[in-house]
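Listing of start-v4.txt, compact mmCIF, C-alpha atoms
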```txt
# COMPACT_ATOMS: atom_id res chain seq x y z
CA MET A 1 8.64 5.11 -0.28
CA GLY A 2 10.27 1.92 0.89
CA SER A 3 13.16 2.33 -1.55
CA ALA A 4 13.75 5.89 -0.34
CA LEU A 5 13.46 5.03 3.36
CA LEU A 6 15.78 2.03 3.33
CA PRO A 7 19.16 3.77 2.77
CA ARG A 8 18.29 6.66 5.08
CA LEU A 9 17.10 4.56 8.00
CA SER A 10 20.03 2.17 7.65
CA ALA A 11 22.16 4.88 9.26
CA PHE A 12 20.34 4.26 12.55
CA GLY A 13 20.53 0.50 12.79
CA ALA A 14 19.70 -2.74 11.03
CA VAL A 15 16.68 -2.33 8.75
CA ILE A 16 14.56 -5.35 7.93
CA ALA A 17 12.87 -4.57 4.61
CA ALA A 18 9.88 -6.86 5.01
CA ASP A 19 8.44 -7.54 1.56
CA ARG A 20 5.25 -9.46 0.85
CA GLN A 21 7.04 -12.77 1.41
CA VAL A 22 7.81 -11.72 4.99
CA ILE A 23 4.65 -9.78 5.88
CA ASP A 24 1.63 -10.04 3.59
CA LEU A 25 -0.68 -7.13 4.41
CA SER A 26 -3.58 -8.90 2.73
CA ARG A 27 -3.34 -11.51 5.53
CA PRO A 28 -3.63 -9.33 8.65
CA GLY A 29 -4.25 -12.34 10.87
CA ASP A 30 -0.66 -13.48 10.25
CA ILE A 31 1.00 -10.14 10.96
CA GLY A 32 1.39 -10.57 14.72
CA ALA A 33 3.21 -13.89 14.35
CA ARG A 34 5.43 -12.47 11.64
CA LEU A 35 6.36 -9.51 13.82
CA ASP A 36 7.14 -11.92 16.65
CA GLU A 37 9.72 -13.50 14.34
CA VAL A 38 11.18 -10.19 13.15
CA ALA A 39 11.00 -8.49 16.60
CA PRO A 40 11.57 -4.89 15.49
CA ASP A 41 12.34 -1.95 17.78
CA VAL A 42 10.39 0.42 15.48
CA ILE A 43 7.83 -0.28 12.75
CA VAL A 44 7.72 2.01 9.71
CA ASN A 45 4.87 1.16 7.34
CA PRO A 46 5.02 2.83 3.90
CA ALA A 47 2.97 0.06 2.25
CA ALA A 48 -0.67 0.44 1.25
CA TYR A 49 -3.34 -0.49 -1.26
CA THR A 50 -3.02 2.53 -3.56
CA ALA A 51 -4.98 1.57 -6.71
CA VAL A 52 -7.47 4.39 -6.22
CA ASP A 53 -9.87 3.54 -9.04
CA LYS A 54 -9.60 -0.23 -8.66
CA ALA A 55 -10.52 0.11 -4.99
CA GLU A 56 -14.02 1.24 -5.98
CA ASP A 57 -14.69 -2.35 -7.08
CA ASP A 58 -12.28 -4.02 -4.66
CA ARG A 59 -13.37 -2.57 -1.32
CA GLU A 60 -12.61 -5.69 0.72
CA ALA A 61 -8.99 -5.86 -0.42
CA ALA A 62 -8.46 -2.12 0.12
CA PHE A 63 -9.78 -2.30 3.69
CA LEU A 64 -7.78 -5.47 4.47
CA VAL A 65 -4.52 -3.76 3.55
CA ASN A 66 -5.32 -0.20 4.63
CA GLU A 67 -7.32 -0.82 7.80
CA SER A 68 -6.95 -4.38 9.13
CA ALA A 69 -3.20 -4.65 8.54
CA PRO A 70 -2.33 -1.34 10.28
CA ARG A 71 -4.60 -2.36 13.16
CA ALA A 72 -2.65 -5.60 13.56
CA MET A 73 0.67 -3.71 13.45
CA ALA A 74 -0.61 -1.19 15.99
CA ARG A 75 -1.67 -3.95 18.40
CA TRP A 76 1.72 -5.61 18.21
CA ALA A 77 3.54 -2.28 18.59
CA ALA A 78 1.37 -1.28 21.55
CA ASP A 79 2.00 -4.60 23.31
CA ALA A 80 5.74 -4.21 22.69
CA ASN A 81 5.64 -0.50 23.57
CA ILE A 82 7.51 0.47 20.41
CA PRO A 83 6.74 3.32 17.99
CA LEU A 84 4.70 2.71 14.82
CA ILE A 85 5.17 5.19 11.97
CA HIS A 86 2.39 4.87 9.41
CA PHE A 87 1.69 6.87 6.25
CA SER A 88 -1.70 8.19 5.23
CA THR A 89 -3.04 10.51 2.57
CA ASP A 90 -4.71 13.77 1.60
CA TYR A 91 -7.55 11.62 0.21
CA VAL A 92 -9.07 11.41 3.70
CA PHE A 93 -10.45 14.92 3.00
CA ASP A 94 -13.22 15.89 0.59
CA GLY A 95 -11.15 18.63 -1.07
CA SER A 96 -13.60 21.45 -0.44
CA GLY A 97 -12.44 25.05 -0.04
CA THR A 98 -9.06 26.50 -0.91
CA THR A 99 -7.21 26.66 2.42
CA PRO A 100 -4.76 23.95 3.52
CA TRP A 101 -6.22 21.17 5.65
CA LYS A 102 -5.10 21.02 9.28
CA GLU A 103 -4.65 17.91 11.38
CA THR A 104 -7.66 19.01 13.45
CA ASP A 105 -10.01 19.26 10.45
CA THR A 106 -12.68 16.60 10.12
CA PRO A 107 -11.96 14.04 7.38
CA SER A 108 -14.64 13.21 4.82
CA PRO A 109 -13.22 10.95 2.09
CA LEU A 110 -14.76 10.86 -1.37
CA SER A 111 -13.50 7.43 -2.43
CA VAL A 112 -13.17 3.87 -1.16
CA TYR A 113 -9.41 4.34 -1.12
CA GLY A 114 -9.72 7.48 1.03
CA ALA A 115 -12.22 5.76 3.32
CA SER A 116 -9.91 2.76 3.77
CA LYS A 117 -6.95 4.98 4.64
CA LEU A 118 -9.04 6.93 7.14
CA ALA A 119 -10.19 3.64 8.65
CA GLY A 120 -6.54 2.69 9.07
CA GLU A 121 -5.83 5.95 10.88
CA LEU A 122 -8.77 5.41 13.23
CA ALA A 123 -7.74 1.80 13.90
CA ILE A 124 -4.23 2.85 14.94
CA GLN A 125 -5.60 5.61 17.15
CA GLU A 126 -8.11 3.24 18.72
CA VAL A 127 -5.45 0.68 19.59
CA GLY A 128 -3.28 3.37 21.17
CA GLY A 129 0.39 2.90 21.93
CA PRO A 130 3.15 5.17 20.62
CA HIS A 131 2.36 5.99 17.00
CA LEU A 132 2.79 8.64 14.34
CA ILE A 133 0.46 8.87 11.35
CA ALA A 134 2.06 11.02 8.65
CA ARG A 135 -0.37 12.24 6.00
CA THR A 136 1.27 13.11 2.73
CA SER A 137 0.25 13.85 -0.87
CA TRP A 138 1.13 13.38 -4.53
CA VAL A 139 4.13 11.15 -3.79
CA TYR A 140 6.59 10.46 -6.61
CA ALA A 141 10.10 9.11 -7.12
CA PRO A 142 12.58 8.34 -9.93
CA SER A 143 11.43 4.71 -9.93
CA GLY A 144 8.18 2.83 -9.49
CA ALA A 145 4.70 3.67 -10.74
CA ASN A 146 3.93 7.34 -10.11
CA PHE A 147 2.96 10.60 -11.84
CA PHE A 148 6.56 11.67 -12.48
CA ARG A 149 7.39 8.44 -14.28
CA THR A 150 4.13 8.52 -16.23
CA ILE A 151 4.68 12.07 -17.48
CA MET A 152 8.26 11.27 -18.46
CA ARG A 153 7.04 8.30 -20.52
CA LEU A 154 4.13 10.15 -22.13
CA ALA A 155 6.31 13.17 -22.98
CA ARG A 156 8.53 10.83 -25.01
CA GLU A 157 5.56 9.26 -26.81
CA ARG A 158 3.07 12.08 -27.44
CA GLU A 159 3.12 15.57 -28.92
CA GLU A 160 0.35 16.82 -26.63
CA LEU A 161 -0.39 16.05 -22.99
CA ARG A 162 -3.81 16.87 -21.54
CA ILE A 163 -3.47 17.34 -17.78
CA VAL A 164 -6.00 18.19 -15.06
CA ALA A 165 -5.56 21.75 -13.79
CA ASP A 166 -8.26 22.16 -11.13
CA GLN A 167 -6.88 19.77 -8.48
CA HIS A 168 -4.37 21.48 -6.19
CA GLY A 169 -1.77 20.01 -3.85
CA ALA A 170 1.91 19.63 -3.05
CA PRO A 171 3.91 17.21 -5.21
CA THR A 172 6.11 15.49 -2.64
CA SER A 173 9.15 13.42 -3.50
CA ALA A 174 9.76 10.21 -1.58
CA ALA A 175 13.16 11.72 -0.76
CA ILE A 176 11.60 14.69 1.08
CA ILE A 177 9.39 12.41 3.13
CA SER A 178 12.22 10.00 3.91
CA ASP A 179 14.62 12.79 4.84
CA THR A 180 12.05 14.12 7.30
CA ILE A 181 11.52 10.68 8.86
CA ALA A 182 15.28 10.21 9.09
CA ALA A 183 15.54 13.57 10.86
CA MET A 184 13.06 12.26 13.42
CA PHE A 185 15.33 9.29 14.08
CA ALA A 186 18.32 11.63 14.36
CA ASP A 187 16.61 14.04 16.77
CA ARG A 188 18.79 14.39 19.86
CA ARG A 189 15.77 13.90 22.13
CA GLY A 190 14.97 10.59 20.49
CA LEU A 191 12.30 9.24 18.17
CA SER A 192 9.85 8.58 20.99
CA ASP A 193 10.02 12.23 22.00
CA VAL A 194 9.30 13.34 18.42
CA VAL A 195 6.35 10.96 18.23
CA ALA A 196 5.01 12.34 21.52
CA ARG A 197 5.41 15.95 20.36
CA ALA A 198 3.55 15.17 17.15
CA GLY A 199 0.58 13.91 19.13
CA GLY A 200 -0.01 10.97 16.84
CA LEU A 201 -0.83 12.83 13.61
CA LEU A 202 1.23 15.06 11.36
CA HIS A 203 0.92 16.48 7.85
CA LEU A 204 4.12 15.88 5.89
CA THR A 205 4.47 17.23 2.36
CA ALA A 206 6.76 19.48 0.41
CA SER A 207 6.05 23.18 0.90
CA GLY A 208 4.21 25.23 -1.69
CA SER A 209 1.50 23.94 -4.00
CA THR A 210 0.50 23.66 -7.64
CA ASN A 211 -1.93 21.68 -9.78
CA TRP A 212 -1.33 18.55 -11.84
CA HIS A 213 -0.88 20.64 -15.00
CA GLY A 214 1.72 22.82 -13.30
CA PHE A 215 3.48 19.74 -11.98
CA ALA A 216 3.52 18.09 -15.42
CA SER A 217 4.80 21.28 -17.06
CA ALA A 218 7.62 21.56 -14.52
CA ILE A 219 8.56 17.90 -15.12
CA VAL A 220 8.72 18.34 -18.89
CA ASP A 221 10.64 21.62 -18.66
CA GLY A 222 13.12 20.10 -16.22
CA LEU A 223 13.73 16.99 -18.28
CA ARG A 224 14.16 18.98 -21.49
CA SER A 225 16.57 21.42 -19.82
CA ARG A 226 18.80 18.47 -18.97
CA GLY A 227 19.05 17.42 -22.58
CA MET A 228 16.42 14.70 -22.69
CA THR A 229 14.72 14.26 -26.06
CA LEU A 230 10.98 14.66 -25.66
CA LYS A 231 8.19 14.58 -28.22
CA ALA A 232 5.69 16.65 -26.23
CA ASP A 233 5.53 20.31 -27.25
CA LYS A 234 2.09 21.14 -25.87
CA ILE A 235 0.66 20.61 -22.38
CA THR A 236 -3.03 21.47 -22.33
CA PRO A 237 -4.87 22.20 -19.05
CA ILE A 238 -8.20 20.42 -18.66
CA ALA A 239 -10.88 20.17 -15.97
CA THR A 240 -11.41 17.14 -13.77
CA SER A 241 -14.74 16.65 -15.54
CA ASP A 242 -12.87 16.27 -18.84
CA TYR A 243 -10.94 13.28 -17.51
CA PRO A 244 -13.54 10.91 -16.03
CA VAL A 245 -12.29 8.23 -13.65
CA LYS A 246 -14.11 5.81 -11.38
CA ALA A 247 -13.02 7.33 -8.05
CA GLN A 248 -13.66 10.96 -7.19
CA ARG A 249 -10.52 12.98 -6.36
CA PRO A 250 -10.32 15.94 -3.94
CA LEU A 251 -9.89 19.29 -5.68
CA ASN A 252 -8.05 20.80 -2.70
CA SER A 253 -5.32 18.51 -1.39
CA ARG A 254 -3.23 21.22 0.25
CA LEU A 255 -2.09 20.15 3.74
CA ASP A 256 -1.17 22.65 6.45
CA LEU A 257 2.44 22.24 7.58
CA ALA A 258 2.47 24.51 10.64
CA LYS A 259 2.47 21.60 13.08
CA LEU A 260 5.30 19.87 11.21
CA SER A 261 7.38 23.05 11.43
CA ARG A 262 6.77 23.24 15.18
CA VAL A 263 7.62 19.58 15.79
CA MET A 264 10.71 19.46 13.60
CA ALA A 265 11.81 23.12 13.85
CA ARG A 266 12.59 23.02 10.13
CA PRO A 267 10.50 23.57 7.00
CA THR A 268 10.32 20.96 4.27
CA PRO A 269 11.82 21.91 0.89
CA HIS A 270 9.64 23.54 -1.75
CA TRP A 271 8.09 21.08 -4.19
CA LEU A 272 10.12 22.59 -7.06
CA ASP A 273 13.36 21.89 -5.19
CA GLY A 274 12.26 18.32 -4.59
CA LEU A 275 11.44 17.92 -8.28
CA LYS A 276 14.81 19.38 -9.33
CA ALA A 277 16.63 16.82 -7.18
CA THR A 278 14.52 13.99 -8.61
CA ILE A 279 15.17 15.09 -12.20
CA ASP A 280 18.90 15.42 -11.48
CA GLU A 281 18.91 11.88 -10.10
CA THR A 282 16.97 10.61 -13.12
CA ALA A 283 19.32 12.33 -15.57
CA ALA A 284 22.40 11.04 -13.76
CA ALA A 285 21.05 7.51 -14.00
CA GLY A 286 20.49 7.92 -17.75
CA GLN A 287 16.84 6.96 -17.56
```
Go ahead and render the structure in this file as structure tokens.
Amino acid sequence: MGSALLPRLSAFGAVIAADRQVIDLSRPGDIGARLDEVAPDVIVNPAAYTAVDKAEDDREAAFLVNESAPRAMARWAADANIPLIHFSTDYVFDGSGTTPWKETDTPSPLSVYGASKLAGELAIQEVGGPHLIARTSWVYAPSGANFFRTIMRLAREREELRIVADQHGAPTSAAIISDTIAAMFADRRGLSDVVARAGGLLHLTASGSTNWHGFASAIVDGLRSRGMTLKADKITPIATSDYPVKAQRPLNSRLDLAKLSRVMARPTPHWLDGLKATIDETAAAGQ
């Protein structure tokens, strides 16, 4: 997310890309002093503890980064009266039902990771001040550690891929999220007005939905259609129960985008369009 946000937000002013050497989210007590030094006009926080399974055994670290650090940012932002844009996740919901989750639905996370992200949301809301929490899902990009990169690697190494087919959501490229955030900065009424219209919480994903098997199949088909040599010739759908992991995942990660459409007066691209752009970028880079 940071890599996608940086070039887009640079169009609106100087961007200080604060890595761990500048602001260490595992040391929330230092964040206020660090922000005093940096003195931003807006804080955009795409960083998080995202090791979902590891968090089950590393609860303290997950909550330090996902709850305590956002709370410290929110306090500084509230005192300075500047907007804080923070990213959260579909994992705050339990994944029941089949209809998309609305911002007004009650969260009920299944995992430590989901609980820590929900705690971060509540901390920001408790502090108050101008803020926007953007919940997103299934984020991927041409670089970094994510599902797209994993499938691309496995498709080169294996003849068969076995992919979960009963978890549903919207694969969302970092580019789609970043383009939407950039559009908020470019809004003629100003970022603060957008934040106020959003009421503090907004669901932000690509439109449409699929399952992990459908996403993997689309990745492989797209890569192969662009001339990439892949070993995989079979993608087998499996149930979540056939792929045991430590942390429980929500089966229904669909997020309702009606509020986003009202706030931004524009729909987000379909997940297939976002994937096509990502594959085109990957192919152009010769990866």
Problem set entry | Contacts of region 146-158 of chain A within 10 Å, all atoms listed in the file, excl. fewer than 6 positions in-chain, as a list in words |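 Once the adjacent positions are removed, what remains is Trp138, Val139, Tyr140, Pro171, Ser173, Trp212, Phe215, Ala216, Ser217, Ile219, Val220, Leu223, Arg224, Met228, Thr229, Leu230, Lys231, Ala232, Asp233, Lys234, Ile235, Leu275, Thr278, Ile279, Thr282 and Gln287 of chain A.
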For this session: Quick one: everything within 7 Å of region 30-41 of chain A, counting only C-alpha atoms, minus sequence neighbours fewer than 3 positions away in the same chain. Send it as a VMD selection string.
Result: chain A and resid 23 27 72 to 73 76 82
Please produce a file of the residues just selected, as a tab-separated table (two decimals), keeping the file's coordinate frame, where the atoms kept are C-alpha atoms.
```tsv
chain	number	residue	atom	x	y	z
A	23	ILE	CA	4.65	-9.78	5.88
A	27	ARG	CA	-3.34	-11.51	5.53
A	72	ALA	CA	-2.65	-5.60	13.56
A	73	MET	CA	0.67	-3.71	13.45
A	76	TRP	CA	1.72	-5.61	18.21
A	82	ILE	CA	7.51	0.47	20.41
```
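Nearest residue to Ala4 (chain A) among A:Leu260, A:Ala182, A:Ala239, A:Ala265 is A:Ala182, counting only C-alpha atoms.
Nearest residue to His131 (chain A) among A:Leu191, A:Val112, A:Gln167, A:Trp101 is A:Leu191, counting only C-alpha atoms.
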Problem set entry | Separation of CA of Pro267 (chain A) from CA of Ala174 (chain A) in Å | 15.9 Å
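The residue that comes closest to Ser116 (chain A), out of A:Ser143, A:Thr50, A:Ser137, A:Ser209 and on the basis of all atoms listed in the file, is A:Thr50.
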For this session: Using only C-alpha atoms, find all polymer residues with an atom at most 12 Å away from the point (-9.7, 6.3, 14.2); report them as a PyMOL selection string.
Result: chain A and resi 67+70-71+74+92+106-107+115-128+133+200-201
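Here CA of Asp53 (chain A) stands at a distance of 19.3 Å from CA of Ala165 (chain A).
Coordinates place CA of Lys276 (chain A) at a distance of 7.1 Å from CA of Gly222 (chain A).
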For this session: In the coordinates of the file, take the point (14.3, 15.1, 6.0) and a cut-off of 8 Å; then, counting all atoms listed in the file, name each qualifying protein, DNA or RNA residue as a ChimeraX atom specification.
Result: /A:175-183,268
Problem set entry | Distance criterion (only C-alpha atoms): nearest to Val44 (chain A) out of A:Arg59, A:Ser192, A:Leu9, A:Asp24 | A:Leu9
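Shortest atom-to-atom contact with Leu251 (chain A) among A:Arg189, A:His168, A:Arg197, A:Arg226: A:His168, counting only C-alpha atoms.
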Exercise. Between A:Leu255, A:Asp273, A:Arg162, A:Ala51, which one has atoms that come closest to Thr240 (chain A), using only C-alpha atoms?
Worked result: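 Closest to Thr240 (chain A), using only C-alpha atoms: A:Arg162.
Residues in contact with Ser261 (chain A) at up to 12 Å, not including ones fewer than 2 positions away on its chain and judged by all atoms listed in the file, are Thr180, Arg197, Ala198, Leu202, His203, Leu204, Thr205, Ala206, Ser207, Asp256, Leu257, Ala258, Lys259, Val263, Met264, Ala265, Arg266, Pro267, Thr268 and Pro269 of chain A.
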Where atoms are absent from region 151-175 of chain A, fill them in so it carries N, CA and C atoms, then output it as a JSON list (two decimals), in the frame of the given file.
```json
[["chain", "number", "residue", "atom", "x", "y", "z"],
["A", 151, "ILE", "N", 4.50, 10.89, -16.63],
["A", 151, "ILE", "CA", 4.68, 12.07, -17.48],
["A", 151, "ILE", "C", 5.97, 11.95, -18.30],
["A", 152, "MET", "N", 7.02, 11.44, -17.72],
["A", 152, "MET", "CA", 8.26, 11.27, -18.46],
["A", 152, "MET", "C", 8.05, 10.33, -19.66],
["A", 153, "ARG", "N", 7.31, 9.25, -19.43],
["A", 153, "ARG", "CA", 7.04, 8.30, -20.52],
["A", 153, "ARG", "C", 6.15, 8.93, -21.59],
["A", 154, "LEU", "N", 5.06, 9.57, -21.17],
["A", 154, "LEU", "CA", 4.13, 10.15, -22.13],
["A", 154, "LEU", "C", 4.77, 11.29, -22.93],
["A", 155, "ALA", "N", 5.65, 12.06, -22.29],
["A", 155, "ALA", "CA", 6.31, 13.17, -22.98],
["A", 155, "ALA", "C", 7.24, 12.67, -24.08],
["A", 156, "ARG", "N", 7.70, 11.44, -23.97],
["A", 156, "ARG", "CA", 8.53, 10.83, -25.01],
["A", 156, "ARG", "C", 7.69, 10.25, -26.15],
["A", 157, "GLU", "N", 6.42, 9.96, -25.85],
["A", 157, "GLU", "CA", 5.56, 9.26, -26.81],
["A", 157, "GLU", "C", 4.58, 10.17, -27.55],
["A", 158, "ARG", "N", 4.15, 11.27, -26.91],
["A", 158, "ARG", "CA", 3.07, 12.08, -27.44],
["A", 158, "ARG", "C", 3.48, 13.53, -27.66],
["A", 159, "GLU", "N", 2.85, 14.17, -28.66],
["A", 159, "GLU", "CA", 3.12, 15.57, -28.92],
["A", 159, "GLU", "C", 2.34, 16.48, -27.98],
["A", 160, "GLU", "N", 1.18, 16.02, -27.54],
["A", 160, "GLU", "CA", 0.35, 16.82, -26.63],
["A", 160, "GLU", "C", -0.02, 16.00, -25.40],
["A", 161, "LEU", "N", 0.07, 16.64, -24.24],
["A", 161, "LEU", "CA", -0.39, 16.05, -22.99],
["A", 161, "LEU", "C", -1.56, 16.87, -22.48],
["A", 162, "ARG", "N", -2.64, 16.20, -22.10],
["A", 162, "ARG", "CA", -3.81, 16.87, -21.54],
["A", 162, "ARG", "C", -3.88, 16.54, -20.05],
["A", 163, "ILE", "N", -3.67, 17.57, -19.21],
["A", 163, "ILE", "CA", -3.47, 17.34, -17.78],
["A", 163, "ILE", "C", -4.46, 18.17, -16.96],
["A", 164, "VAL", "N", -5.03, 17.54, -15.95],
["A", 164, "VAL", "CA", -6.00, 18.19, -15.06],
["A", 164, "VAL", "C", -5.37, 19.40, -14.36],
["A", 165, "ALA", "N", -6.10, 20.51, -14.35],
["A", 165, "ALA", "CA", -5.56, 21.75, -13.79],
["A", 165, "ALA", "C", -6.38, 22.31, -12.64],
["A", 166, "ASP", "N", -7.44, 21.61, -12.21],
["A", 166, "ASP", "CA", -8.26, 22.16, -11.13],
["A", 166, "ASP", "C", -8.17, 21.34, -9.84],
["A", 167, "GLN", "N", -7.18, 20.46, -9.74],
["A", 167, "GLN", "CA", -6.88, 19.77, -8.48],
["A", 167, "GLN", "C", -5.55, 20.32, -7.97],
["A", 168, "HIS", "N", -5.54, 20.78, -6.72],
["A", 168, "HIS", "CA", -4.37, 21.48, -6.19],
["A", 168, "HIS", "C", -3.78, 20.73, -4.99],
["A", 169, "GLY", "N", -2.45, 20.67, -4.95],
["A", 169, "GLY", "CA", -1.77, 20.01, -3.85],
["A", 169, "GLY", "C", -0.27, 20.24, -3.93],
["A", 170, "ALA", "N", 0.45, 19.50, -3.12],
["A", 170, "ALA", "CA", 1.91, 19.63, -3.05],
["A", 170, "ALA", "C", 2.57, 18.37, -3.56],
["A", 171, "PRO", "N", 3.13, 18.38, -4.77],
["A", 171, "PRO", "CA", 3.91, 17.21, -5.21],
["A", 171, "PRO", "C", 5.06, 16.98, -4.23],
["A", 172, "THR", "N", 5.15, 15.77, -3.72],
["A", 172, "THR", "CA", 6.11, 15.49, -2.64],
["A", 172, "THR", "C", 6.96, 14.29, -3.01],
["A", 173, "SER", "N", 8.25, 14.52, -3.15],
["A", 173, "SER", "CA", 9.15, 13.42, -3.50],
["A", 173, "SER", "C", 9.31, 12.48, -2.32],
["A", 174, "ALA", "N", 9.50, 11.20, -2.64],
["A", 174, "ALA", "CA", 9.76, 10.21, -1.58],
["A", 174, "ALA", "C", 11.00, 10.60, -0.79],
["A", 175, "ALA", "N", 11.93, 11.29, -1.45],
["A", 175, "ALA", "CA", 13.16, 11.72, -0.76],
["A", 175, "ALA", "C", 12.85, 12.73, 0.34]]
```
